[in-house]
Amino acid sequence: MGVLRVLSVTMGRISIFRSYQIVLLFAAALAVVAFYYFGSEKQNFSSTTKRIKETQASHNTNRDDADLSVDIRAGRPEIRTGAGDELEGKPSRFHALMMFTKVDKSVNLQQKFQVAMRSVAKHGRFLEDEVLVLHYVSDAGSQELGEKMLPELLLDATFRYEVVFHDVGALTEKLFPIVEAMQKHFSAGSGTYYSDAIFFLSVAMHRIMPTELKRIVQLDLDLKFRSNIRDLFQEFNHFPAEAVIGIAREMQPVYRHTFWQYRKENPKSHVGDPPPDGLPGFNSGVMLLNLDTMRRSTLYNQLLEPERVARLAEKYHFRGHLGDQDFFTMIGMEHRELFYPLSCGWNRQLCTWWREHGYGDIFQLYYRCDGPVHIYHGNCNTPIPDD
C-alpha cells in the first residue's frame, strides 16, 4: 500500500490545485448570484466576500505535522486533547530521520538498514489519512543504493509513506557554524573537524529545518522495531511543558567512567550513578525532538552558546566522543526539565562492552530493563534477537 516518493529538499514543492478550491470558487459565484437575486437587508456583498475568504484561508493553512491526539493502540481511536494538526483533505505526517551515510560501502550497514526498515514495515500501523515520512541524511552513493533498496524493504507496509533524502554536505555546511565550538568537547578526534558537525544534527536541527516541521523522531540505523512506530510518536503527548527532547537513559556505566574526576571531587553527587536515583546519562539511539519547543526555549538555545558549553565542560571535567549524546548527557546533569525520559523499552540497548571492561560488579544495575521491549538497539554491533 506504501508508495515510494523520492523528494529533494532543494526543490520547491509542486502545488496541487485541490478539488475543494474549485468548490469554493463555485460557491463564491453562487453567493454573488444569490446577493443580486435573493439578497436581504441582513446580507451585503462585502460580508459575503469576507466569509468566503475566511473559509478559504482556513482550508489553505499550511501545516505539515502529525496529529498526535489520536491513539490507535487500544483498537478504537481515542480522541484526546493534543497538538493535532490534522486538516480536512490533507494527510497528517509523522516524520522520522536516520543517518544514512557510507552505507553503499558497508555490507554491515546495509544489513542493519534491512532489519530496521523491514521491522518498521512489519509492525507499522497508521490511520488511512496518515503518512510516515522517512528522512535520510545521505551522500550520493548511499542515496542511490537507498532508492533501490527501499521499495523492496517496504513492500509489505500497510501504511502510506514518503521518502526524503537530505544531502549530508548541505546539512553539514549549515550545522558547522552552530556546533563548531562544542565539537572539541564531544568528538572522537582531537580538535574540530568539519565533517564531525553532522554528528550534532539533533542538537541544532531546530535551526536548520523548516519551521513547518515541528516534531521529528531521530533513529539510529541499528534498530529493530517490535511495536508500531506510530506508538513512539504518541510519547510526544507526555512531554512536560519545558521538555524539548524525549530520550532513554544510557544502559551501561559509560558516564560513570566519563565523569570519574567530577565524581571523585563530589563523592555525594548522583552524576553517573545507576537508576532509579542516579543520573546515568542518555543514549541517543532513539530521540523525540520537539523542534517547535526547541525553537522557543530560551534556556536550551543559551546552552548552545560556546561559552556555556565550555563552562559546563570545565565544571564536569567532561571530554566525550559520542557527539550529540555527550552534549545532552552533560546539560541533563543540570537541566533535567529539558528532557522527557523514555522508558528503556523504547531503546533497549544490547551492548555489554562495559561489563567486560572493569564494571562487571555493577553492570546489571545499569543494564536492567523491566517492561515490554518496543525497540531493540544493537549498539556496538551486538546481534539483535530474532522474533
# chains A, B, ... in the order shown; residues from 1 in each chain; ligands from 1
call {"tool": "residues_around", "arguments": {"residues": "Ile198 (chain A)", "least_positions_apart": "4", "cutoff": "12 Å", "atoms": "only C-alpha atoms", "output": "PDB file with all heavy atoms, in the first residue's frame"}}
result
ATOM      1  N   MET A  98      16.891   9.196   9.790  1.00  0.00           N
ATOM      2  CA  MET A  98      18.044   8.324  10.029  1.00  0.00           C
ATOM      3  C   MET A  98      19.278   8.878   9.325  1.00  0.00           C
ATOM      4  O   MET A  98      19.163   9.454   8.232  1.00  0.00           O
ATOM      5  CB  MET A  98      17.789   6.911   9.497  1.00  0.00           C
ATOM      6  CG  MET A  98      16.848   6.052  10.315  1.00  0.00           C
ATOM      7  SD  MET A  98      16.701   4.395   9.584  1.00  0.00           S
ATOM      8  CE  MET A  98      15.842   3.540  10.896  1.00  0.00           C
ATOM      9  N   MET A  99      20.441   8.687   9.945  1.00  0.00           N
ATOM     10  CA  MET A  99      21.694   8.953   9.253  1.00  0.00           C
ATOM     11  C   MET A  99      21.937   7.803   8.289  1.00  0.00           C
ATOM     12  O   MET A  99      21.828   6.629   8.662  1.00  0.00           O
ATOM     13  CB  MET A  99      22.839   9.056  10.258  1.00  0.00           C
ATOM     14  CG  MET A  99      22.666  10.181  11.274  1.00  0.00           C
ATOM     15  SD  MET A  99      22.580  11.821  10.500  1.00  0.00           S
ATOM     16  CE  MET A  99      24.155  11.872   9.655  1.00  0.00           C
ATOM     17  N   PHE A 100      22.285   8.132   7.029  1.00  0.00           N
ATOM     18  CA  PHE A 100      22.393   7.106   6.000  1.00  0.00           C
ATOM     19  C   PHE A 100      23.606   7.386   5.119  1.00  0.00           C
ATOM     20  O   PHE A 100      23.522   7.434   3.895  1.00  0.00           O
ATOM     21  CB  PHE A 100      21.101   7.081   5.175  1.00  0.00           C
ATOM     22  CG  PHE A 100      20.915   5.849   4.339  1.00  0.00           C
ATOM     23  CD1 PHE A 100      20.656   4.627   4.932  1.00  0.00           C
ATOM     24  CD2 PHE A 100      20.990   5.910   2.957  1.00  0.00           C
ATOM     25  CE1 PHE A 100      20.478   3.491   4.160  1.00  0.00           C
ATOM     26  CE2 PHE A 100      20.814   4.775   2.176  1.00  0.00           C
ATOM     27  CZ  PHE A 100      20.563   3.562   2.779  1.00  0.00           C
ATOM     28  N   THR A 101      24.750   7.580   5.748  1.00  0.00           N
ATOM     29  CA  THR A 101      25.980   7.887   5.016  1.00  0.00           C
ATOM     30  C   THR A 101      26.899   6.673   4.980  1.00  0.00           C
ATOM     31  O   THR A 101      26.918   5.863   5.909  1.00  0.00           O
ATOM     32  CB  THR A 101      26.726   9.067   5.658  1.00  0.00           C
ATOM     33  OG1 THR A 101      27.017   8.761   7.033  1.00  0.00           O
ATOM     34  CG2 THR A 101      25.887  10.335   5.599  1.00  0.00           C
ATOM     35  N   VAL A 137      19.581  11.258   5.878  1.00  0.00           N
ATOM     36  CA  VAL A 137      20.710  12.154   5.648  1.00  0.00           C
ATOM     37  C   VAL A 137      21.781  11.320   4.962  1.00  0.00           C
ATOM     38  O   VAL A 137      22.330  10.377   5.553  1.00  0.00           O
ATOM     39  CB  VAL A 137      21.232  12.738   6.970  1.00  0.00           C
ATOM     40  CG1 VAL A 137      22.447  13.620   6.721  1.00  0.00           C
ATOM     41  CG2 VAL A 137      20.125  13.534   7.662  1.00  0.00           C
ATOM     42  N   SER A 138      22.097  11.656   3.720  1.00  0.00           N
ATOM     43  CA  SER A 138      22.826  10.714   2.885  1.00  0.00           C
ATOM     44  C   SER A 138      23.831  11.386   1.966  1.00  0.00           C
ATOM     45  O   SER A 138      23.713  12.572   1.638  1.00  0.00           O
ATOM     46  CB  SER A 138      21.810   9.915   2.048  1.00  0.00           C
ATOM     47  OG  SER A 138      22.439   8.959   1.253  1.00  0.00           O
ATOM     48  N   ASP A 139      24.822  10.613   1.545  1.00  0.00           N
ATOM     49  CA  ASP A 139      25.702  11.003   0.457  1.00  0.00           C
ATOM     50  C   ASP A 139      25.135  10.438  -0.843  1.00  0.00           C
ATOM     51  O   ASP A 139      24.186   9.639  -0.829  1.00  0.00           O
ATOM     52  CB  ASP A 139      27.123  10.482   0.702  1.00  0.00           C
ATOM     53  CG  ASP A 139      27.141   8.987   1.009  1.00  0.00           C
ATOM     54  OD1 ASP A 139      26.943   8.182   0.067  1.00  0.00           O
ATOM     55  OD2 ASP A 139      27.327   8.617   2.182  1.00  0.00           O
ATOM     56  N   HIS A 166      18.191  13.939   2.310  1.00  0.00           N
ATOM     57  CA  HIS A 166      18.854  15.212   2.587  1.00  0.00           C
ATOM     58  C   HIS A 166      20.348  15.055   2.299  1.00  0.00           C
ATOM     59  O   HIS A 166      20.977  14.107   2.781  1.00  0.00           O
ATOM     60  CB  HIS A 166      18.674  15.620   4.054  1.00  0.00           C
ATOM     61  CG  HIS A 166      17.251  15.771   4.483  1.00  0.00           C
ATOM     62  ND1 HIS A 166      16.626  17.001   4.555  1.00  0.00           N
ATOM     63  CD2 HIS A 166      16.323  14.861   4.864  1.00  0.00           C
ATOM     64  CE1 HIS A 166      15.380  16.837   4.981  1.00  0.00           C
ATOM     65  NE2 HIS A 166      15.175  15.551   5.171  1.00  0.00           N
ATOM     66  N   ASP A 167      20.901  15.955   1.566  1.00  0.00           N
ATOM     67  CA  ASP A 167      22.327  15.903   1.239  1.00  0.00           C
ATOM     68  C   ASP A 167      23.168  16.194   2.480  1.00  0.00           C
ATOM     69  O   ASP A 167      23.033  17.256   3.100  1.00  0.00           O
ATOM     70  CB  ASP A 167      22.649  16.905   0.139  1.00  0.00           C
ATOM     71  CG  ASP A 167      24.125  16.913  -0.199  1.00  0.00           C
ATOM     72  OD1 ASP A 167      24.619  15.923  -0.772  1.00  0.00           O
ATOM     73  OD2 ASP A 167      24.809  17.900   0.147  1.00  0.00           O
ATOM     74  N   VAL A 168      24.036  15.264   2.847  1.00  0.00           N
ATOM     75  CA  VAL A 168      24.827  15.405   4.072  1.00  0.00           C
ATOM     76  C   VAL A 168      25.750  16.620   4.002  1.00  0.00           C
ATOM     77  O   VAL A 168      25.977  17.296   5.012  1.00  0.00           O
ATOM     78  CB  VAL A 168      25.624  14.113   4.355  1.00  0.00           C
ATOM     79  CG1 VAL A 168      26.651  13.837   3.261  1.00  0.00           C
ATOM     80  CG2 VAL A 168      26.292  14.179   5.727  1.00  0.00           C
ATOM     81  N   GLY A 169      26.259  16.914   2.815  1.00  0.00           N
ATOM     82  CA  GLY A 169      27.149  18.072   2.677  1.00  0.00           C
ATOM     83  C   GLY A 169      26.436  19.381   2.925  1.00  0.00           C
ATOM     84  O   GLY A 169      26.959  20.271   3.601  1.00  0.00           O
ATOM     85  N   ALA A 170      25.218  19.502   2.408  1.00  0.00           N
ATOM     86  CA  ALA A 170      24.446  20.730   2.596  1.00  0.00           C
ATOM     87  C   ALA A 170      24.080  20.929   4.058  1.00  0.00           C
ATOM     88  O   ALA A 170      24.158  22.052   4.585  1.00  0.00           O
ATOM     89  CB  ALA A 170      23.185  20.684   1.730  1.00  0.00           C
ATOM     90  N   LEU A 171      23.688  19.852   4.750  1.00  0.00           N
ATOM     91  CA  LEU A 171      23.349  19.972   6.169  1.00  0.00           C
ATOM     92  C   LEU A 171      24.579  20.284   7.013  1.00  0.00           C
ATOM     93  O   LEU A 171      24.509  21.073   7.956  1.00  0.00           O
ATOM     94  CB  LEU A 171      22.693  18.681   6.661  1.00  0.00           C
ATOM     95  CG  LEU A 171      21.268  18.395   6.187  1.00  0.00           C
ATOM     96  CD1 LEU A 171      20.729  17.148   6.873  1.00  0.00           C
ATOM     97  CD2 LEU A 171      20.350  19.574   6.441  1.00  0.00           C
ATOM     98  N   THR A 172      25.701  19.657   6.682  1.00  0.00           N
ATOM     99  CA  THR A 172      26.935  19.918   7.426  1.00  0.00           C
ATOM    100  C   THR A 172      27.337  21.385   7.319  1.00  0.00           C
ATOM    101  O   THR A 172      27.773  21.997   8.305  1.00  0.00           O
ATOM    102  CB  THR A 172      28.073  19.023   6.902  1.00  0.00           C
ATOM    103  OG1 THR A 172      27.713  17.655   7.068  1.00  0.00           O
ATOM    104  CG2 THR A 172      29.367  19.293   7.651  1.00  0.00           C
ATOM    105  N   GLU A 173      27.174  21.946   6.144  1.00  0.00           N
ATOM    106  CA  GLU A 173      27.518  23.358   5.941  1.00  0.00           C
ATOM    107  C   GLU A 173      26.679  24.273   6.828  1.00  0.00           C
ATOM    108  O   GLU A 173      27.177  25.273   7.358  1.00  0.00           O
ATOM    109  CB  GLU A 173      27.318  23.719   4.465  1.00  0.00           C
ATOM    110  CG  GLU A 173      27.781  25.125   4.105  1.00  0.00           C
ATOM    111  CD  GLU A 173      27.673  25.407   2.625  1.00  0.00           C
ATOM    112  OE1 GLU A 173      27.345  24.478   1.856  1.00  0.00           O
ATOM    113  OE2 GLU A 173      27.912  26.568   2.224  1.00  0.00           O
ATOM    114  N   LYS A 174      25.412  23.919   7.019  1.00  0.00           N
ATOM    115  CA  LYS A 174      24.544  24.722   7.877  1.00  0.00           C
ATOM    116  C   LYS A 174      24.856  24.501   9.360  1.00  0.00           C
ATOM    117  O   LYS A 174      24.770  25.425  10.170  1.00  0.00           O
ATOM    118  CB  LYS A 174      23.083  24.379   7.606  1.00  0.00           C
ATOM    119  CG  LYS A 174      22.595  24.751   6.213  1.00  0.00           C
ATOM    120  CD  LYS A 174      21.139  24.316   6.014  1.00  0.00           C
ATOM    121  CE  LYS A 174      20.641  24.646   4.625  1.00  0.00           C
ATOM    122  NZ  LYS A 174      19.225  24.196   4.427  1.00  0.00           N
ATOM    123  N   LEU A 175      25.206  23.273   9.704  1.00  0.00           N
ATOM    124  CA  LEU A 175      25.429  22.929  11.111  1.00  0.00           C
ATOM    125  C   LEU A 175      26.744  23.457  11.659  1.00  0.00           C
ATOM    126  O   LEU A 175      26.825  23.856  12.831  1.00  0.00           O
ATOM    127  CB  LEU A 175      25.417  21.408  11.275  1.00  0.00           C
ATOM    128  CG  LEU A 175      24.078  20.703  11.394  1.00  0.00           C
ATOM    129  CD1 LEU A 175      24.278  19.195  11.343  1.00  0.00           C
ATOM    130  CD2 LEU A 175      23.400  21.086  12.708  1.00  0.00           C
ATOM    131  N   PHE A 176      27.771  23.433  10.850  1.00  0.00           N
ATOM    132  CA  PHE A 176      29.128  23.690  11.339  1.00  0.00           C
ATOM    133  C   PHE A 176      29.264  24.981  12.147  1.00  0.00           C
ATOM    134  O   PHE A 176      29.836  24.974  13.248  1.00  0.00           O
ATOM    135  CB  PHE A 176      30.111  23.686  10.173  1.00  0.00           C
ATOM    136  CG  PHE A 176      31.554  23.820  10.608  1.00  0.00           C
ATOM    137  CD1 PHE A 176      32.162  22.799  11.321  1.00  0.00           C
ATOM    138  CD2 PHE A 176      32.284  24.956  10.299  1.00  0.00           C
ATOM    139  CE1 PHE A 176      33.494  22.909  11.727  1.00  0.00           C
ATOM    140  CE2 PHE A 176      33.604  25.078  10.699  1.00  0.00           C
ATOM    141  CZ  PHE A 176      34.215  24.049  11.414  1.00  0.00           C
ATOM    142  N   PRO A 177      28.737  26.113  11.686  1.00  0.00           N
ATOM    143  CA  PRO A 177      28.899  27.346  12.481  1.00  0.00           C
ATOM    144  C   PRO A 177      28.204  27.270  13.843  1.00  0.00           C
ATOM    145  O   PRO A 177      28.624  27.956  14.785  1.00  0.00           O
ATOM    146  CB  PRO A 177      28.236  28.420  11.603  1.00  0.00           C
ATOM    147  CG  PRO A 177      28.212  27.853  10.233  1.00  0.00           C
ATOM    148  CD  PRO A 177      28.025  26.383  10.416  1.00  0.00           C
ATOM    149  N   ILE A 178      27.165  26.454  13.954  1.00  0.00           N
ATOM    150  CA  ILE A 178      26.407  26.373  15.204  1.00  0.00           C
ATOM    151  C   ILE A 178      27.102  25.481  16.217  1.00  0.00           C
ATOM    152  O   ILE A 178      27.136  25.794  17.412  1.00  0.00           O
ATOM    153  CB  ILE A 178      24.982  25.844  14.934  1.00  0.00           C
ATOM    154  CG1 ILE A 178      24.281  26.692  13.874  1.00  0.00           C
ATOM    155  CG2 ILE A 178      24.165  25.816  16.223  1.00  0.00           C
ATOM    156  CD1 ILE A 178      22.945  26.125  13.426  1.00  0.00           C
ATOM    157  N   VAL A 179      27.676  24.381  15.764  1.00  0.00           N
ATOM    158  CA  VAL A 179      28.197  23.365  16.692  1.00  0.00           C
ATOM    159  C   VAL A 179      29.723  23.296  16.719  1.00  0.00           C
ATOM    160  O   VAL A 179      30.285  22.470  17.441  1.00  0.00           O
ATOM    161  CB  VAL A 179      27.629  21.977  16.333  1.00  0.00           C
ATOM    162  CG1 VAL A 179      26.108  22.001  16.349  1.00  0.00           C
ATOM    163  CG2 VAL A 179      28.133  21.497  14.974  1.00  0.00           C
ATOM    164  N   GLU A 180      30.394  24.151  15.976  1.00  0.00           N
ATOM    165  CA  GLU A 180      31.849  24.081  15.885  1.00  0.00           C
ATOM    166  C   GLU A 180      32.510  24.097  17.261  1.00  0.00           C
ATOM    167  O   GLU A 180      33.415  23.307  17.551  1.00  0.00           O
ATOM    168  CB  GLU A 180      32.371  25.240  15.038  1.00  0.00           C
ATOM    169  CG  GLU A 180      33.890  25.286  14.934  1.00  0.00           C
ATOM    170  CD  GLU A 180      34.385  26.494  14.150  1.00  0.00           C
ATOM    171  OE1 GLU A 180      33.542  27.357  13.793  1.00  0.00           O
ATOM    172  OE2 GLU A 180      35.594  26.563  13.892  1.00  0.00           O
ATOM    173  N   GLN A 183      32.400  20.752  19.363  1.00  0.00           N
ATOM    174  CA  GLN A 183      32.985  19.540  18.812  1.00  0.00           C
ATOM    175  C   GLN A 183      34.237  19.099  19.559  1.00  0.00           C
ATOM    176  O   GLN A 183      34.470  17.901  19.730  1.00  0.00           O
ATOM    177  CB  GLN A 183      33.309  19.731  17.327  1.00  0.00           C
ATOM    178  CG  GLN A 183      32.078  19.795  16.442  1.00  0.00           C
ATOM    179  CD  GLN A 183      32.444  20.016  14.985  1.00  0.00           C
ATOM    180  OE1 GLN A 183      32.006  20.971  14.368  1.00  0.00           O
ATOM    181  NE2 GLN A 183      33.260  19.151  14.442  1.00  0.00           N
ATOM    182  N   SER A 187      33.802  15.126  20.451  1.00  0.00           N
ATOM    183  CA  SER A 187      34.160  14.391  19.244  1.00  0.00           C
ATOM    184  C   SER A 187      35.332  13.463  19.521  1.00  0.00           C
ATOM    185  O   SER A 187      36.155  13.729  20.405  1.00  0.00           O
ATOM    186  CB  SER A 187      34.530  15.348  18.099  1.00  0.00           C
ATOM    187  OG  SER A 187      33.397  16.103  17.705  1.00  0.00           O
ATOM    188  N   TYR A 193      36.664  19.155  13.622  1.00  0.00           N
ATOM    189  CA  TYR A 193      36.630  18.676  12.255  1.00  0.00           C
ATOM    190  C   TYR A 193      35.303  19.047  11.615  1.00  0.00           C
ATOM    191  O   TYR A 193      34.246  18.819  12.192  1.00  0.00           O
ATOM    192  CB  TYR A 193      36.835  17.159  12.202  1.00  0.00           C
ATOM    193  CG  TYR A 193      38.224  16.735  12.630  1.00  0.00           C
ATOM    194  CD1 TYR A 193      38.476  16.312  13.923  1.00  0.00           C
ATOM    195  CD2 TYR A 193      39.287  16.774  11.727  1.00  0.00           C
ATOM    196  CE1 TYR A 193      39.742  15.924  14.317  1.00  0.00           C
ATOM    197  CE2 TYR A 193      40.552  16.395  12.103  1.00  0.00           C
ATOM    198  CZ  TYR A 193      40.785  15.972  13.403  1.00  0.00           C
ATOM    199  OH  TYR A 193      42.039  15.603  13.789  1.00  0.00           O
ATOM    200  N   TYR A 194      35.388  19.566  10.421  1.00  0.00           N
ATOM    201  CA  TYR A 194      34.181  19.984   9.705  1.00  0.00           C
ATOM    202  C   TYR A 194      33.206  18.828   9.555  1.00  0.00           C
ATOM    203  O   TYR A 194      32.009  18.964   9.799  1.00  0.00           O
ATOM    204  CB  TYR A 194      34.593  20.526   8.332  1.00  0.00           C
ATOM    205  CG  TYR A 194      33.441  20.970   7.461  1.00  0.00           C
ATOM    206  CD1 TYR A 194      32.819  22.198   7.675  1.00  0.00           C
ATOM    207  CD2 TYR A 194      32.983  20.165   6.424  1.00  0.00           C
ATOM    208  CE1 TYR A 194      31.765  22.612   6.863  1.00  0.00           C
ATOM    209  CE2 TYR A 194      31.941  20.562   5.616  1.00  0.00           C
ATOM    210  CZ  TYR A 194      31.327  21.788   5.839  1.00  0.00           C
ATOM    211  OH  TYR A 194      30.292  22.183   5.048  1.00  0.00           O
ATOM    212  N   SER A 202      21.049  16.532  15.724  1.00  0.00           N
ATOM    213  CA  SER A 202      19.902  16.633  16.631  1.00  0.00           C
ATOM    214  C   SER A 202      19.995  17.839  17.550  1.00  0.00           C
ATOM    215  O   SER A 202      18.977  18.397  17.960  1.00  0.00           O
ATOM    216  CB  SER A 202      19.774  15.360  17.468  1.00  0.00           C
ATOM    217  OG  SER A 202      20.928  15.155  18.258  1.00  0.00           O
ATOM    218  N   VAL A 203      21.214  18.258  17.863  1.00  0.00           N
ATOM    219  CA  VAL A 203      21.427  19.389  18.764  1.00  0.00           C
ATOM    220  C   VAL A 203      20.868  20.680  18.176  1.00  0.00           C
ATOM    221  O   VAL A 203      20.278  21.500  18.893  1.00  0.00           O
ATOM    222  CB  VAL A 203      22.930  19.546  19.075  1.00  0.00           C
ATOM    223  CG1 VAL A 203      23.209  20.837  19.835  1.00  0.00           C
ATOM    224  CG2 VAL A 203      23.441  18.341  19.866  1.00  0.00           C
ATOM    225  N   ALA A 204      21.026  20.858  16.876  1.00  0.00           N
ATOM    226  CA  ALA A 204      20.664  22.128  16.242  1.00  0.00           C
ATOM    227  C   ALA A 204      19.701  21.965  15.080  1.00  0.00           C
ATOM    228  O   ALA A 204      19.565  22.861  14.248  1.00  0.00           O
ATOM    229  CB  ALA A 204      21.928  22.843  15.760  1.00  0.00           C
ATOM    230  N   MET A 205      18.993  20.832  15.012  1.00  0.00           N
ATOM    231  CA  MET A 205      18.071  20.604  13.905  1.00  0.00           C
ATOM    232  C   MET A 205      16.982  21.668  13.848  1.00  0.00           C
ATOM    233  O   MET A 205      16.486  22.015  12.775  1.00  0.00           O
ATOM    234  CB  MET A 205      17.442  19.213  14.013  1.00  0.00           C
ATOM    235  CG  MET A 205      16.801  18.737  12.723  1.00  0.00           C
ATOM    236  SD  MET A 205      15.916  17.162  12.882  1.00  0.00           S
ATOM    237  CE  MET A 205      17.214  16.078  13.412  1.00  0.00           C
ATOM    238  N   LEU A 322      31.030  10.908  21.800  1.00  0.00           N
ATOM    239  CA  LEU A 322      29.788  10.378  21.230  1.00  0.00           C
ATOM    240  C   LEU A 322      28.866  11.464  20.670  1.00  0.00           C
ATOM    241  O   LEU A 322      27.677  11.248  20.505  1.00  0.00           O
ATOM    242  CB  LEU A 322      29.048   9.553  22.294  1.00  0.00           C
ATOM    243  CG  LEU A 322      29.804   8.331  22.808  1.00  0.00           C
ATOM    244  CD1 LEU A 322      29.048   7.669  23.952  1.00  0.00           C
ATOM    245  CD2 LEU A 322      30.053   7.325  21.683  1.00  0.00           C
ATOM    246  N   GLY A 323      29.413  12.633  20.388  1.00  0.00           N
ATOM    247  CA  GLY A 323      28.648  13.672  19.712  1.00  0.00           C
ATOM    248  C   GLY A 323      27.466  14.174  20.510  1.00  0.00           C
ATOM    249  O   GLY A 323      27.586  14.537  21.685  1.00  0.00           O
ATOM    250  N   ASP A 324      26.281  14.181  19.873  1.00  0.00           N
ATOM    251  CA  ASP A 324      25.091  14.749  20.496  1.00  0.00           C
ATOM    252  C   ASP A 324      24.750  14.083  21.819  1.00  0.00           C
ATOM    253  O   ASP A 324      24.287  14.737  22.761  1.00  0.00           O
ATOM    254  CB  ASP A 324      23.896  14.671  19.536  1.00  0.00           C
ATOM    255  CG  ASP A 324      23.606  13.255  19.028  1.00  0.00           C
ATOM    256  OD1 ASP A 324      24.353  12.314  19.375  1.00  0.00           O
ATOM    257  OD2 ASP A 324      22.631  13.103  18.268  1.00  0.00           O
TER     258      ASP A 324
END
call {"tool": "residues_around", "arguments": {"residues": "region 349-351 of chain A", "least_positions_apart": "6", "cutoff": "7 Å", "atoms": "only C-alpha atoms", "output": "ChimeraX atom specification"}}
result
/A:251,376-380,382
call {"tool": "residues_around", "arguments": {"residues": "region 146-151 of chain A", "least_positions_apart": "6", "cutoff": "12 Å", "atoms": "only C-alpha atoms", "output": "PyMOL selection string"}}
result
chain A and resi 1-7+98-104+109-111+113-118+120-121+134-140+157+161-165
call {"tool": "closest_residue", "arguments": {"among": "A:Phe186, A:Phe239, A:Phe225, A:Tyr367", "to": "Lys122 (chain A)", "atoms": "only C-alpha atoms"}}
result
A:Phe225
call {"tool": "closest_residue", "arguments": {"among": "A:Pro253, A:Pro385, A:Gly272, A:Gly124", "to": "Gly360 (chain A)", "atoms": "only C-alpha atoms"}}
result
A:Pro253
call {"tool": "select_by_dssp", "arguments": {"residues": "region 284-323 of chain A", "states": "strand (DSSP E)", "output": "number ranges by chain"}}
result
A: 284-290
call {"tool": "write_last_selection", "arguments": {"atoms": "all heavy atoms", "output": "short mmCIF file (atom, residue, chain, number, x, y, z; two decimals), in the first residue's frame"}}
result
data_model
loop_
_atom_site.label_atom_id
_atom_site.label_comp_id
_atom_site.auth_asym_id
_atom_site.auth_seq_id
_atom_site.Cartn_x
_atom_site.Cartn_y
_atom_site.Cartn_z
N SER A 284 21.48 8.16 22.60
CA SER A 284 20.82 8.89 21.51
C SER A 284 20.34 8.00 20.37
O SER A 284 20.04 8.49 19.29
CB SER A 284 21.77 9.96 20.95
OG SER A 284 22.96 9.35 20.44
N GLY A 285 20.24 6.69 20.61
CA GLY A 285 19.78 5.79 19.55
C GLY A 285 18.36 6.05 19.11
O GLY A 285 18.00 5.81 17.96
N VAL A 286 17.52 6.53 20.04
CA VAL A 286 16.13 6.89 19.74
C VAL A 286 15.87 8.23 20.42
O VAL A 286 15.99 8.34 21.64
CB VAL A 286 15.15 5.83 20.27
CG1 VAL A 286 13.70 6.28 20.05
CG2 VAL A 286 15.39 4.48 19.62
N MET A 287 15.49 9.24 19.64
CA MET A 287 15.24 10.56 20.20
C MET A 287 13.98 11.17 19.60
O MET A 287 13.78 11.11 18.38
CB MET A 287 16.42 11.50 19.95
CG MET A 287 17.68 11.15 20.69
SD MET A 287 19.00 12.38 20.43
CE MET A 287 19.40 12.07 18.71
N LEU A 288 13.16 11.75 20.45
CA LEU A 288 12.00 12.51 20.02
C LEU A 288 12.33 13.98 20.17
O LEU A 288 12.55 14.46 21.29
CB LEU A 288 10.76 12.16 20.86
CG LEU A 288 10.02 10.87 20.52
CD1 LEU A 288 10.86 9.64 20.86
CD2 LEU A 288 8.70 10.80 21.27
N LEU A 289 12.40 14.69 19.07
CA LEU A 289 12.80 16.10 19.08
C LEU A 289 11.57 16.97 18.85
O LEU A 289 10.98 16.95 17.76
CB LEU A 289 13.85 16.37 18.01
CG LEU A 289 15.09 15.46 18.03
CD1 LEU A 289 15.99 15.77 16.86
CD2 LEU A 289 15.84 15.59 19.34
N ASN A 290 11.20 17.73 19.86
CA ASN A 290 10.12 18.71 19.70
C ASN A 290 10.75 20.00 19.18
O ASN A 290 11.15 20.87 19.95
CB ASN A 290 9.40 18.95 21.02
CG ASN A 290 8.12 19.74 20.84
OD1 ASN A 290 8.03 20.61 19.96
ND2 ASN A 290 7.11 19.46 21.64
#
call {"tool": "select_by_dssp", "arguments": {"residues": "region 84-136 of chain A", "states": "helix (DSSP H, G or I)", "output": "PyMOL selection string"}}
result
chain A and resi 103-105+107-123
